[in-house]
>>> print(open('query.pdb').read())   # PDB, C-alpha atoms and all ligand atoms
ATOM      1  CA  MET Y   1     -17.740  10.832  22.849
ATOM      2  CA  THR Y   2     -16.300  14.345  22.511
ATOM      3  CA  ASP Y   3     -14.491  15.795  19.491
ATOM      4  CA  THR Y   4     -10.771  16.427  19.679
ATOM      5  CA  PRO Y   5      -9.786  20.031  20.513
ATOM      6  CA  THR Y   6      -9.092  22.450  17.673
ATOM      7  CA  SER Y   7      -6.273  24.498  19.205
ATOM      8  CA  ILE Y   8      -3.484  24.314  21.773
ATOM      9  CA  ASP Y   9      -5.371  26.623  24.130
ATOM     10  CA  GLU Y  10      -8.483  24.538  23.847
ATOM     11  CA  THR Y  11      -6.400  21.418  24.605
ATOM     12  CA  ALA Y  12      -4.877  23.012  27.710
ATOM     13  CA  GLN Y  13      -8.281  24.190  28.923
ATOM     14  CA  ALA Y  14      -9.934  20.830  28.373
ATOM     15  CA  LEU Y  15      -7.104  19.069  30.226
ATOM     16  CA  LEU Y  16      -7.438  21.557  33.079
ATOM     17  CA  ALA Y  17     -11.198  21.077  33.213
ATOM     18  CA  ASN Y  18     -10.437  17.407  33.755
ATOM     19  CA  GLY Y  19      -7.953  18.010  36.552
ATOM     20  CA  TYR Y  20      -4.683  18.108  34.608
ATOM     21  CA  VAL Y  21      -2.343  21.088  34.644
ATOM     22  CA  ALA Y  22      -0.346  20.923  31.416
ATOM     23  CA  GLN Y  23       2.548  23.178  30.591
ATOM     24  CA  ARG Y  24       2.425  24.779  27.176
ATOM     25  CA  GLU Y  25       4.831  22.339  25.505
ATOM     26  CA  LEU Y  26       2.868  19.337  26.712
ATOM     27  CA  ALA Y  27      -0.431  20.855  25.598
ATOM     28  CA  THR Y  28       1.147  21.446  22.190
ATOM     29  CA  ALA Y  29       2.469  17.889  21.890
ATOM     30  CA  THR Y  30      -0.910  16.516  22.985
ATOM     31  CA  PHE Y  31      -2.811  18.698  20.547
ATOM     32  CA  LEU Y  32      -0.572  17.663  17.655
ATOM     33  CA  ALA Y  33      -0.687  13.978  18.590
ATOM     34  CA  LEU Y  34      -4.478  14.115  18.463
ATOM     35  CA  ARG Y  35      -4.604  16.055  15.189
ATOM     36  CA  LEU Y  36      -1.922  14.075  13.379
ATOM     37  CA  GLN Y  37      -3.066  10.769  14.883
ATOM     38  CA  ARG Y  38       0.442  10.013  16.055
ATOM     39  CA  PRO Y  39       1.352   8.256  19.294
ATOM     40  CA  LEU Y  40       2.486  10.538  22.113
ATOM     41  CA  PHE Y  41       5.726   9.374  23.713
ATOM     42  CA  LEU Y  42       6.228  10.742  27.231
ATOM     43  CA  GLU Y  43       9.482  10.262  29.059
ATOM     44  CA  GLY Y  44      10.398  11.575  32.491
ATOM     45  CA  GLU Y  45      10.969  10.922  36.173
ATOM     46  CA  PRO Y  46       8.387   8.820  38.006
ATOM     47  CA  GLY Y  47       5.445  10.746  39.415
ATOM     48  CA  THR Y  48       5.477  13.612  36.926
ATOM     49  CA  GLY Y  49       2.036  13.004  35.408
ATOM     50  CA  LYS Y  50       2.805  10.785  32.405
ATOM     51  CA  THR Y  51       0.288   8.036  33.114
ATOM     52  CA  GLU Y  52      -2.204  10.587  34.335
ATOM     53  CA  ILE Y  53      -2.380  12.342  30.996
ATOM     54  CA  ALA Y  54      -3.655   9.195  29.263
ATOM     55  CA  LYS Y  55      -6.352   8.798  31.913
ATOM     56  CA  THR Y  56      -7.248  12.467  31.567
ATOM     57  CA  LEU Y  57      -7.458  12.217  27.770
ATOM     58  CA  ALA Y  58      -9.843   9.282  28.040
ATOM     59  CA  ALA Y  59     -12.069  11.196  30.453
ATOM     60  CA  MET Y  60     -11.833  14.409  28.457
ATOM     61  CA  LEU Y  61     -12.686  12.796  25.104
ATOM     62  CA  GLN Y  62     -15.061  10.303  26.713
ATOM     63  CA  ARG Y  63     -13.264   7.311  25.251
ATOM     64  CA  PRO Y  64     -12.531   3.965  26.839
ATOM     65  CA  LEU Y  65      -9.040   3.688  28.331
ATOM     66  CA  ILE Y  66      -7.189   0.512  27.400
ATOM     67  CA  ARG Y  67      -4.071   0.069  29.486
ATOM     68  CA  LEU Y  68      -1.090  -2.106  28.780
ATOM     69  CA  GLN Y  69       1.210  -2.164  31.790
ATOM     70  CA  CYS Y  70       4.620  -3.288  30.548
ATOM     71  CA  TYR Y  71       6.822  -5.658  32.506
ATOM     72  CA  GLU Y  72       9.887  -7.804  31.976
ATOM     73  CA  GLY Y  73       8.948 -10.781  29.843
ATOM     74  CA  LEU Y  74       5.847  -9.175  28.332
ATOM     75  CA  ASP Y  75       5.176 -10.938  25.055
ATOM     76  CA  LEU Y  76       2.603 -11.242  22.308
ATOM     77  CA  ALA Y  77       0.350 -13.415  24.446
ATOM     78  CA  GLY Y  78       0.276 -10.852  27.219
ATOM     79  CA  ALA Y  79       0.042  -7.768  25.015
ATOM     80  CA  ALA Y  80      -1.973  -8.712  21.932
ATOM     81  CA  TYR Y  81      -3.806 -12.006  21.958
ATOM     82  CA  GLU Y  82      -3.757 -15.587  23.111
ATOM     83  CA  TRP Y  83      -5.592 -18.686  21.982
ATOM     84  CA  ASN Y  84      -7.896 -20.108  24.573
ATOM     85  CA  TYR Y  85      -6.336 -23.560  24.794
ATOM     86  CA  ALA Y  86      -8.639 -24.802  27.488
ATOM     87  CA  ARG Y  87     -11.715 -24.082  25.408
ATOM     88  CA  GLN Y  88     -10.076 -25.558  22.355
ATOM     89  CA  MET Y  89      -9.348 -28.794  24.242
ATOM     90  CA  LEU Y  90     -12.914 -28.980  25.364
ATOM     91  CA  GLU Y  91     -14.154 -28.472  21.823
ATOM     92  CA  ILE Y  92     -11.861 -31.250  20.596
ATOM     93  CA  ARG Y  93     -13.250 -33.647  23.203
ATOM     94  CA  MET Y  94     -16.788 -32.851  22.256
ATOM     95  CA  ALA Y  95     -16.134 -33.135  18.544
ATOM     96  CA  GLU Y  96     -14.072 -36.302  18.823
ATOM     97  CA  GLU Y  97     -16.674 -38.387  17.055
ATOM     98  CA  GLY Y  98     -18.352 -36.162  14.470
ATOM     99  CA  ALA Y  99     -16.416 -33.500  12.613
ATOM    100  CA  SER Y 100     -13.547 -34.016  10.185
ATOM    101  CA  ARG Y 101     -10.044 -32.872  11.075
ATOM    102  CA  GLU Y 102     -10.062 -29.887   8.694
ATOM    103  CA  GLN Y 103     -13.418 -28.685   9.890
ATOM    104  CA  LEU Y 104     -12.319 -28.950  13.457
ATOM    105  CA  SER Y 105      -9.032 -27.055  13.099
ATOM    106  CA  ALA Y 106     -10.717 -24.244  11.131
ATOM    107  CA  GLU Y 107     -13.242 -24.008  13.922
ATOM    108  CA  LEU Y 108     -10.608 -24.080  16.668
ATOM    109  CA  PHE Y 109      -8.799 -21.000  15.366
ATOM    110  CA  SER Y 110     -11.832 -18.805  14.965
ATOM    111  CA  PRO Y 111     -12.366 -15.590  16.951
ATOM    112  CA  ARG Y 112     -14.513 -17.579  19.347
ATOM    113  CA  PHE Y 113     -11.344 -19.074  20.823
ATOM    114  CA  LEU Y 114      -9.281 -15.918  20.820
ATOM    115  CA  ILE Y 115      -8.547 -14.013  24.018
ATOM    116  CA  PRO Y 116      -7.902 -10.387  23.017
ATOM    117  CA  ARG Y 117      -5.395  -8.458  25.138
ATOM    118  CA  ALA Y 118      -4.887  -4.695  25.244
ATOM    119  CA  LEU Y 119      -3.325  -4.142  21.801
ATOM    120  CA  LEU Y 120      -5.901  -6.218  19.956
ATOM    121  CA  GLN Y 121      -8.737  -4.615  21.921
ATOM    122  CA  ALA Y 122      -7.422  -1.206  20.925
ATOM    123  CA  ILE Y 123      -7.511  -1.955  17.199
ATOM    124  CA  ASP Y 124     -10.721  -3.982  17.198
ATOM    125  CA  PRO Y 125     -12.476  -2.910  13.961
ATOM    126  CA  THR Y 126     -15.833  -3.093  15.723
ATOM    127  CA  ASN Y 127     -14.878  -0.328  18.209
ATOM    128  CA  ALA Y 128     -17.428   2.472  17.845
ATOM    129  CA  ALA Y 129     -14.782   5.176  18.423
ATOM    130  CA  ALA Y 130     -11.022   5.387  18.871
ATOM    131  CA  PRO Y 131     -10.112   4.353  22.419
ATOM    132  CA  VAL Y 132      -7.144   5.757  24.330
ATOM    133  CA  LEU Y 133      -4.403   3.130  24.394
ATOM    134  CA  LEU Y 134      -1.925   3.600  27.237
ATOM    135  CA  ILE Y 135       1.296   1.632  26.844
ATOM    136  CA  ASP Y 136       2.673   2.301  30.285
ATOM    137  CA  GLU Y 137       6.328   2.094  31.325
ATOM    138  CA  LEU Y 138       7.614   0.662  28.063
ATOM    139  CA  ASP Y 139      11.148   0.737  29.494
ATOM    140  CA  ARG Y 140      10.149  -2.206  31.695
ATOM    141  CA  ALA Y 141       9.475  -4.468  28.705
ATOM    142  CA  ASP Y 142      12.317  -6.254  26.909
ATOM    143  CA  GLU Y 143      13.693  -4.771  23.723
ATOM    144  CA  PRO Y 144      12.304  -7.428  21.348
ATOM    145  CA  PHE Y 145       8.837  -6.345  22.373
ATOM    146  CA  GLU Y 146       9.465  -2.939  20.795
ATOM    147  CA  ALA Y 147       9.937  -4.535  17.373
ATOM    148  CA  PHE Y 148       6.503  -6.058  17.584
ATOM    149  CA  LEU Y 149       5.025  -2.813  18.805
ATOM    150  CA  LEU Y 150       6.396  -1.102  15.730
ATOM    151  CA  GLU Y 151       4.001  -2.890  13.388
ATOM    152  CA  VAL Y 152       1.067  -2.078  15.606
ATOM    153  CA  LEU Y 153       2.025   1.601  15.878
ATOM    154  CA  SER Y 154       2.744   2.209  12.221
ATOM    155  CA  GLU Y 155      -0.177   0.339  10.656
ATOM    156  CA  PHE Y 156      -2.590   0.021  13.589
ATOM    157  CA  GLN Y 157      -2.951  -3.603  12.636
ATOM    158  CA  ILE Y 158      -2.016  -7.020  13.954
ATOM    159  CA  THR Y 159      -1.494 -10.128  11.864
ATOM    160  CA  ILE Y 160      -2.640 -13.368  13.421
ATOM    161  CA  PRO Y 161      -1.276 -16.235  11.309
ATOM    162  CA  GLU Y 162      -4.341 -18.449  11.774
ATOM    163  CA  LEU Y 163      -6.854 -15.663  11.181
ATOM    164  CA  GLY Y 164      -5.348 -12.972   8.994
ATOM    165  CA  THR Y 165      -4.786  -9.262   9.531
ATOM    166  CA  ILE Y 166      -6.936  -7.291  11.921
ATOM    167  CA  LYS Y 167      -6.913  -3.549  11.304
ATOM    168  CA  ALA Y 168      -8.429  -0.705  13.272
ATOM    169  CA  THR Y 169     -11.315   1.237  11.754
ATOM    170  CA  HIS Y 170     -10.544   4.107  14.129
ATOM    171  CA  PRO Y 171      -6.827   4.309  14.974
ATOM    172  CA  PRO Y 172      -6.484   4.449  18.765
ATOM    173  CA  ILE Y 173      -5.135   7.513  20.552
ATOM    174  CA  VAL Y 174      -1.829   6.130  21.815
ATOM    175  CA  VAL Y 175       0.151   7.339  24.821
ATOM    176  CA  ILE Y 176       3.455   5.605  25.558
ATOM    177  CA  THR Y 177       5.298   6.337  28.784
ATOM    178  CA  SER Y 178       8.808   5.551  29.939
ATOM    179  CA  ASN Y 179      10.574   6.249  33.228
ATOM    180  CA  ARG Y 180      13.826   5.997  31.275
ATOM    181  CA  THR Y 181      15.420   3.138  33.140
ATOM    182  CA  ARG Y 182      16.780   2.347  29.678
ATOM    183  CA  GLU Y 183      16.645   4.010  26.264
ATOM    184  CA  ILE Y 184      13.734   3.138  24.005
ATOM    185  CA  HIS Y 185      14.727   2.296  20.446
ATOM    186  CA  ASP Y 186      14.831   5.144  17.911
ATOM    187  CA  ALA Y 187      12.477   3.292  15.582
ATOM    188  CA  VAL Y 188       9.679   3.483  18.143
ATOM    189  CA  LYS Y 189      10.394   7.101  19.011
ATOM    190  CA  ARG Y 190      10.420   8.127  15.362
ATOM    191  CA  ARG Y 191       6.812   7.085  14.970
ATOM    192  CA  CYS Y 192       5.772   9.199  17.915
ATOM    193  CA  LEU Y 193       5.670  12.791  19.048
ATOM    194  CA  TYR Y 194       8.189  13.005  21.861
ATOM    195  CA  HIS Y 195       7.913  15.060  25.015
ATOM    196  CA  TRP Y 196      10.097  15.094  28.112
ATOM    197  CA  VAL Y 197       7.884  15.593  31.168
ATOM    198  CA  ASP Y 198       9.852  17.642  33.647
ATOM    199  CA  PHE Y 199       9.128  18.378  37.289
ATOM    200  CA  PRO Y 200       6.728  21.328  37.375
ATOM    201  CA  SER Y 201       7.774  24.840  38.370
ATOM    202  CA  ALA Y 202       6.695  26.007  41.845
ATOM    203  CA  VAL Y 203       3.827  28.023  40.383
ATOM    204  CA  ARG Y 204       2.523  25.086  38.391
ATOM    205  CA  GLU Y 205       2.977  22.639  41.242
ATOM    206  CA  LEU Y 206       0.948  24.899  43.510
ATOM    207  CA  GLU Y 207      -1.761  24.955  40.864
ATOM    208  CA  ILE Y 208      -1.762  21.139  40.712
ATOM    209  CA  LEU Y 209      -1.918  20.977  44.496
ATOM    210  CA  ARG Y 210      -4.897  23.346  44.703
ATOM    211  CA  LEU Y 211      -6.672  21.240  42.120
ATOM    212  CA  ARG Y 212      -5.876  17.863  43.648
ATOM    213  CA  VAL Y 213      -5.932  18.672  47.360
ATOM    214  CA  PRO Y 214      -8.420  21.545  47.561
ATOM    215  CA  GLY Y 215      -8.623  21.320  51.370
ATOM    216  CA  ALA Y 216      -4.994  22.307  51.997
ATOM    217  CA  PRO Y 217      -4.570  25.723  53.688
ATOM    218  CA  GLU Y 218      -2.844  28.247  51.415
ATOM    219  CA  GLU Y 219       0.215  28.794  53.585
ATOM    220  CA  LEU Y 220       0.747  25.082  54.104
ATOM    221  CA  ALA Y 221       0.405  24.430  50.365
ATOM    222  CA  ARG Y 222       3.053  27.055  49.587
ATOM    223  CA  GLN Y 223       5.423  25.644  52.182
ATOM    224  CA  ILE Y 224       4.922  22.118  50.899
ATOM    225  CA  VAL Y 225       5.725  23.145  47.341
ATOM    226  CA  GLY Y 226       8.721  25.212  48.476
ATOM    227  CA  PHE Y 227      10.100  22.345  50.539
ATOM    228  CA  ILE Y 228       9.692  19.809  47.763
ATOM    229  CA  GLN Y 229      11.224  22.097  45.170
ATOM    230  CA  GLY Y 230      14.141  22.482  47.580
ATOM    231  CA  LEU Y 231      14.492  18.716  47.915
ATOM    232  CA  ARG Y 232      14.607  18.395  44.131
ATOM    233  CA  ALA Y 233      17.614  20.685  44.063
ATOM    234  CA  MET Y 234      19.469  18.267  46.349
ATOM    235  CA  ASP Y 235      21.604  15.397  45.212
ATOM    236  CA  LEU Y 236      19.272  12.565  46.212
ATOM    237  CA  TYR Y 237      19.018   9.067  44.833
ATOM    238  CA  LYS Y 238      15.293   9.426  44.088
ATOM    239  CA  LEU Y 239      13.681  12.856  43.901
ATOM    240  CA  PRO Y 240      10.043  13.224  45.003
ATOM    241  CA  GLY Y 241       7.521  13.575  42.150
ATOM    242  CA  VAL Y 242       4.196  15.379  41.995
ATOM    243  CA  ALA Y 243       2.571  12.197  43.263
ATOM    244  CA  GLU Y 244       4.623  12.603  46.470
ATOM    245  CA  THR Y 245       3.655  16.273  46.776
ATOM    246  CA  ILE Y 246      -0.006  15.289  46.698
ATOM    247  CA  GLU Y 247       0.507  12.361  49.035
ATOM    248  CA  TRP Y 248       2.431  14.469  51.542
ATOM    249  CA  SER Y 249      -0.237  17.177  51.515
ATOM    250  CA  ARG Y 250      -2.910  14.587  52.235
ATOM    251  CA  ALA Y 251      -0.809  13.152  55.060
ATOM    252  CA  LEU Y 252      -0.262  16.599  56.573
ATOM    253  CA  LEU Y 253      -3.995  17.308  56.389
ATOM    254  CA  GLU Y 254      -4.642  14.058  58.226
ATOM    255  CA  LEU Y 255      -2.298  15.312  60.944
ATOM    256  CA  ASN Y 256      -4.176  18.632  61.049
ATOM    257  CA  ALA Y 257      -1.014  20.567  60.243
ATOM    258  CA  LEU Y 258      -1.560  24.232  59.393
ATOM    259  CA  VAL Y 259       2.078  25.024  58.672
ATOM    260  CA  LEU Y 260       5.253  22.977  58.363
ATOM    261  CA  ASP Y 261       7.343  22.582  61.492
ATOM    262  CA  PRO Y 262      10.545  20.553  61.931
ATOM    263  CA  GLU Y 263       8.877  17.775  63.958
ATOM    264  CA  THR Y 264       6.096  17.208  61.449
ATOM    265  CA  VAL Y 265       8.533  17.197  58.547
ATOM    266  CA  GLN Y 266      10.759  14.776  60.400
ATOM    267  CA  SER Y 267       7.979  12.325  61.145
ATOM    268  CA  THR Y 268       6.524  12.333  57.634
ATOM    269  CA  LEU Y 269       9.686  12.168  55.498
ATOM    270  CA  GLY Y 270       8.807   8.587  54.580
ATOM    271  CA  VAL Y 271       5.901   9.863  52.503
ATOM    272  CA  LEU Y 272       8.337  11.868  50.366
ATOM    273  CA  LEU Y 273      11.492   9.800  50.253
ATOM    274  CA  LYS Y 274      11.547   6.065  49.765
ATOM    275  CA  TYR Y 275      15.236   5.335  50.234
ATOM    276  CA  GLN Y 276      16.858   5.163  53.628
ATOM    277  CA  ASP Y 277      20.015   6.886  52.334
ATOM    278  CA  ASP Y 278      17.944   9.823  51.111
ATOM    279  CA  ILE Y 279      16.049  10.052  54.396
ATOM    280  CA  ALA Y 280      19.300   9.926  56.347
ATOM    281  CA  ARG Y 281      20.700  12.788  54.243
ATOM    282  CA  VAL Y 282      17.675  15.029  54.695
ATOM    283  CA  GLN Y 283      16.779  14.201  58.283
ATOM    284  CA  GLY Y 284      17.693  16.611  61.053
ATOM    285  CA  SER Y 285      19.769  19.656  60.163
ATOM    286  CA  GLU Y 286      19.218  19.514  56.384
ATOM    287  CA  ALA Y 287      15.442  19.451  56.812
ATOM    288  CA  ALA Y 288      15.604  22.292  59.327
ATOM    289  CA  ARG Y 289      17.815  24.370  57.026
ATOM    290  CA  LEU Y 290      15.509  23.797  54.048
ATOM    291  CA  LEU Y 291      12.447  24.622  56.115
ATOM    292  CA  ALA Y 292      14.009  27.868  57.330
ATOM    293  CA  GLU Y 293      14.826  28.778  53.735
ATOM    294  CA  VAL Y 294      11.273  28.076  52.626
ATOM    295  CA  ARG Y 295       9.797  30.143  55.449
ATOM    296  CA  ALA Y 296      12.134  33.043  54.705
ATOM    297  CA  ALA Y 297      11.215  33.004  51.017
ATOM    298  CA  LEU Y 298       7.464  33.115  51.564
TER     299      LEU Y 298
HETATM  300  N1  LIG Y 301       0.242  18.082  35.621
HETATM  301  C1  LIG Y 301      -0.513  17.457  36.525
HETATM  302  N2  LIG Y 301      -1.781  17.868  36.766
HETATM  303  C2  LIG Y 301      -2.537  17.237  37.686
HETATM  304  N3  LIG Y 301      -2.132  16.183  38.419
HETATM  305  C3  LIG Y 301      -0.888  15.735  38.228
HETATM  306  C4  LIG Y 301      -0.018  16.335  37.265
HETATM  307  N4  LIG Y 301       1.148  15.685  37.297
HETATM  308  C5  LIG Y 301       1.034  14.724  38.211
HETATM  309  N5  LIG Y 301      -0.184  14.739  38.788
HETATM  310  C6  LIG Y 301      -0.623  13.865  39.871
HETATM  311  O1  LIG Y 301       0.448  13.037  40.235
HETATM  312  C7  LIG Y 301       0.043  11.673  40.263
HETATM  313  C8  LIG Y 301       1.137  10.812  39.693
HETATM  314  O2  LIG Y 301       1.227  11.008  38.321
HETATM  315  P1  LIG Y 301       1.471   9.793  37.333
HETATM  316  O3  LIG Y 301       0.848  10.150  36.034
HETATM  317  O4  LIG Y 301       1.074   8.515  37.933
HETATM  318  O5  LIG Y 301       3.059   9.852  37.214
HETATM  319  P2  LIG Y 301       4.016   9.056  36.229
HETATM  320  O6  LIG Y 301       3.167   8.214  35.340
HETATM  321  O7  LIG Y 301       4.765  10.121  35.501
HETATM  322  O8  LIG Y 301       4.904   8.253  37.118
HETATM  323  C9  LIG Y 301      -1.244  11.595  39.480
HETATM  324  O9  LIG Y 301      -2.121  10.686  40.046
HETATM  325  C10 LIG Y 301      -1.805  12.987  39.562
HETATM  326  O10 LIG Y 301      -2.690  13.066  40.660
HETATM  327 MG    MG Y 302       3.267   6.129  35.350
END
>>> encode(input="query.pdb", output="structure tokens")
Amino acid sequence: MTDTPTSIDETAQALLANGYVAQRELATATFLALRLQRPLFLEGEPGTGKTEIAKTLAAMLQRPLIRLQCYEGLDLAGAAYEWNYARQMLEIRMAEEGASREQLSAELFSPRFLIPRALLQAIDPTNAAAPVLLIDELDRADEPFEAFLLEVLSEFQITIPELGTIKATHPPIVVITSNRTREIHDAVKRRCLYHWVDFPSAVRELEILRLRVPGAPEELARQIVGFIQGLRAMDLYKLPGVAETIEWSRALLELNALVLDPETVQSTLGVLLKYQDDIARVQGSEAARLLAEVRAAL
């Protein structure tokens, strides 16, 4: 376990040492979230490094990462805890003769029969240190789930009717992400430090690329970043994220490309764009025009 950083610079350096290039505002939000023990709420386009920052924090602080992937229909049983009915049934069978009813029901709702899910694991009072709790893609969960989350986030506790209230000894380091397919309720946001994760500038994206795909030739890396930044200025249905930049670079390395040429771009567009309409728009003359622009600028 490592101590939390004591300044914004130290935060940025520690993130970088663990493979994450953070812009100043994000390093500031992260630093403050750690110091003030407030959840960090990250919103932005897919593939901009929101999930990655939680993973990086866990590695950097040497804490366990507990991940709650949100989805439609996620409820208490999936997020916090569930009673192990099968084991309870078995216990009832075995106790059918001996124990009294009261004894049995007290026994059946003891921690022995509880299946802890991510949220309960994160606030387990027996945790030796605060884990990193990643609540990923909260916008995928239904709104009622946010109300429940509120109690957990404000008190770092969960009340289980049959057992009582379970409260964290070390409040977890919480990172919440949203791809903004819908707005998250104000009440949740108010408990968090908010940061909008934007697409990186060309300079920063090149830095990420050097870090993540160290084998890419310099000229190729610059062209890749230039091309992708150009695509992001277009009116596409889904813009490529940093994840796509990295993926494309790896693909181009596999093809032994040293520089971008129209044919290679053409044949690998599917790594960058995942909608046929977008591919159709970029394919051919648009790609060639963009490529010429990139080459001229470098
Ligand atoms: N600032 C960054 N520094 C280093 N790697 C990054 C950064 N942003 C994105 N990445 C890379 O992009 C990938 C996708 O990021 P991810 O966190 O999954 O995106 P999101 O959660 O925003 O959809 C990560 O696996 C990581 O390799
Ligand atoms: Mg993500």
>>> residues_around(input="query.pdb", residues="Pro116 in chain Y", least_positions_apart="6", cutoff="9 Å", atoms="all atoms listed in the file", output="VMD selection string")
chain Y and resid 77 79 to 83
>>> residues_near_ligand(input="query.pdb", ligand="ligand MG 302 (chain Y)", cutoff="8 Å", atoms="only C-alpha atoms and all ligand atoms", output="list in words")
Pro46, Gly47, Thr48, Gly49, Lys50, Thr51, Glu52, Asp136, Glu137, Thr177, Ser178 and Asn179 of chain Y
>>> resolve_selection(input="query.pdb", expression="the PyMOL selection byres (((not hetatm)) within 10 of (chain Y and resi 301))", output="mmCIF file with C-alpha atoms, keeping the file's coordinate frame")
data_model
loop_
_atom_site.group_PDB
_atom_site.id
_atom_site.type_symbol
_atom_site.label_atom_id
_atom_site.label_comp_id
_atom_site.auth_asym_id
_atom_site.auth_seq_id
_atom_site.Cartn_x
_atom_site.Cartn_y
_atom_site.Cartn_z
ATOM 1 C CA LEU Y 15 -7.104 19.069 30.226
ATOM 2 C CA LEU Y 16 -7.438 21.557 33.079
ATOM 3 C CA ASN Y 18 -10.437 17.407 33.755
ATOM 4 C CA GLY Y 19 -7.953 18.010 36.552
ATOM 5 C CA TYR Y 20 -4.683 18.108 34.608
ATOM 6 C CA VAL Y 21 -2.343 21.088 34.644
ATOM 7 C CA ALA Y 22 -0.346 20.923 31.416
ATOM 8 C CA GLN Y 23 2.548 23.178 30.591
ATOM 9 C CA LEU Y 26 2.868 19.337 26.712
ATOM 10 C CA LEU Y 42 6.228 10.742 27.231
ATOM 11 C CA GLU Y 43 9.482 10.262 29.059
ATOM 12 C CA GLY Y 44 10.398 11.575 32.491
ATOM 13 C CA GLU Y 45 10.969 10.922 36.173
ATOM 14 C CA PRO Y 46 8.387 8.820 38.006
ATOM 15 C CA GLY Y 47 5.445 10.746 39.415
ATOM 16 C CA THR Y 48 5.477 13.612 36.926
ATOM 17 C CA GLY Y 49 2.036 13.004 35.408
ATOM 18 C CA LYS Y 50 2.805 10.785 32.405
ATOM 19 C CA THR Y 51 0.288 8.036 33.114
ATOM 20 C CA GLU Y 52 -2.204 10.587 34.335
ATOM 21 C CA ILE Y 53 -2.380 12.342 30.996
ATOM 22 C CA ALA Y 54 -3.655 9.195 29.263
ATOM 23 C CA LYS Y 55 -6.352 8.798 31.913
ATOM 24 C CA THR Y 56 -7.248 12.467 31.567
ATOM 25 C CA ASP Y 136 2.673 2.301 30.285
ATOM 26 C CA GLU Y 137 6.328 2.094 31.325
ATOM 27 C CA THR Y 177 5.298 6.337 28.784
ATOM 28 C CA SER Y 178 8.808 5.551 29.939
ATOM 29 C CA ASN Y 179 10.574 6.249 33.228
ATOM 30 C CA VAL Y 197 7.884 15.593 31.168
ATOM 31 C CA ASP Y 198 9.852 17.642 33.647
ATOM 32 C CA PHE Y 199 9.128 18.378 37.289
ATOM 33 C CA PRO Y 200 6.728 21.328 37.375
ATOM 34 C CA ARG Y 204 2.523 25.086 38.391
ATOM 35 C CA GLU Y 205 2.977 22.639 41.242
ATOM 36 C CA GLU Y 207 -1.761 24.955 40.864
ATOM 37 C CA ILE Y 208 -1.762 21.139 40.712
ATOM 38 C CA LEU Y 209 -1.918 20.977 44.496
ATOM 39 C CA ARG Y 210 -4.897 23.346 44.703
ATOM 40 C CA LEU Y 211 -6.672 21.240 42.120
ATOM 41 C CA ARG Y 212 -5.876 17.863 43.648
ATOM 42 C CA VAL Y 213 -5.932 18.672 47.360
ATOM 43 C CA GLY Y 241 7.521 13.575 42.150
ATOM 44 C CA VAL Y 242 4.196 15.379 41.995
ATOM 45 C CA ALA Y 243 2.571 12.197 43.263
ATOM 46 C CA GLU Y 244 4.623 12.603 46.470
ATOM 47 C CA THR Y 245 3.655 16.273 46.776
ATOM 48 C CA ILE Y 246 -0.006 15.289 46.698
ATOM 49 C CA GLU Y 247 0.507 12.361 49.035
#
>>> atom_distance(input="query.pdb", atom1="CA of Gln266 in chain Y", atom2="CA of Ala233 in chain Y")
18.7 Å
>>> resolve_selection(input="query.pdb", expression="the PyMOL selection byres (((chain Y and resi 267) around 12) and not hetatm)", output="PyMOL selection string")
chain Y and resi 248+251-252+255+260-266+268-273+279+282-284+287
>>> axis_aligned_box(input="query.pdb", around="range 137-153 of chain Y", padding_each_side="8 Å", output="JSON")
{"center_x": 7.4, "center_y": -2.7, "center_z": 22.5, "size_x": 28.6, "size_y": 25.5, "size_z": 34.3}
>>> closest_residue(input="query.pdb", among="Y:Asp277, Y:Glu183, Y:Glu72, Y:Glu155", to="His170 in chain Y", atoms="only C-alpha atoms")
Y:Glu155
>>> atom_distance(input="query.pdb", atom1="CA of Val225 in chain Y", atom2="CA of Glu293 in chain Y")
12.5 Å
>>> resolve_selection(input="query.pdb", expression="the PyMOL selection byres (((chain Y and resi 5-7) around 10) and not hetatm)", output="ChimeraX atom specification")
/Y:2-4,8-14,27-28,30-32,34-35,60-61
>>> atom_distance(input="query.pdb", atom1="CA of Leu65 in chain Y", atom2="CA of Leu134 in chain Y")
7.2 Å
>>> residues_around(input="query.pdb", residues="Tyr71 in chain Y", least_positions_apart="6", cutoff="10 Å", atoms="all atoms listed in the file", output="VMD selection string")
chain Y and resid 78 136 to 142
>>> closest_residue(input="query.pdb", among="Y:Leu90, Y:Ala130, Y:Pro144, Y:Leu298", to="Leu74 in chain Y", atoms="only C-alpha atoms")
Y:Pro144
>>> closest_residue(input="query.pdb", among="Y:Ala216, Y:Ile115, Y:Ala33, Y:Leu120", to="Leu253 in chain Y", atoms="only C-alpha atoms")
Y:Ala216
>>> closest_residue(input="query.pdb", among="Y:Ile123, Y:Arg250, Y:Cys192, Y:Phe148", to="Pro214 in chain Y", atoms="all atoms listed in the file")
Y:Arg250
>>> closest_residue(input="query.pdb", among="Y:Pro125, Y:His195, Y:Asp75, Y:Thr181", to="Arg24 in chain Y", atoms="only C-alpha atoms")
Y:His195
>>> closest_residue(input="query.pdb", among="Y:Arg232, Y:Arg222, Y:Arg289, Y:Arg67", to="Val259 in chain Y", atoms="all atoms listed in the file")
Y:Arg222
>>> residues_around(input="query.pdb", residues="Tyr194 in chain Y", least_positions_apart="5", cutoff="9 Å", atoms="all atoms listed in the file", output="PyMOL selection string")
chain Y and resi 29+39-43+189
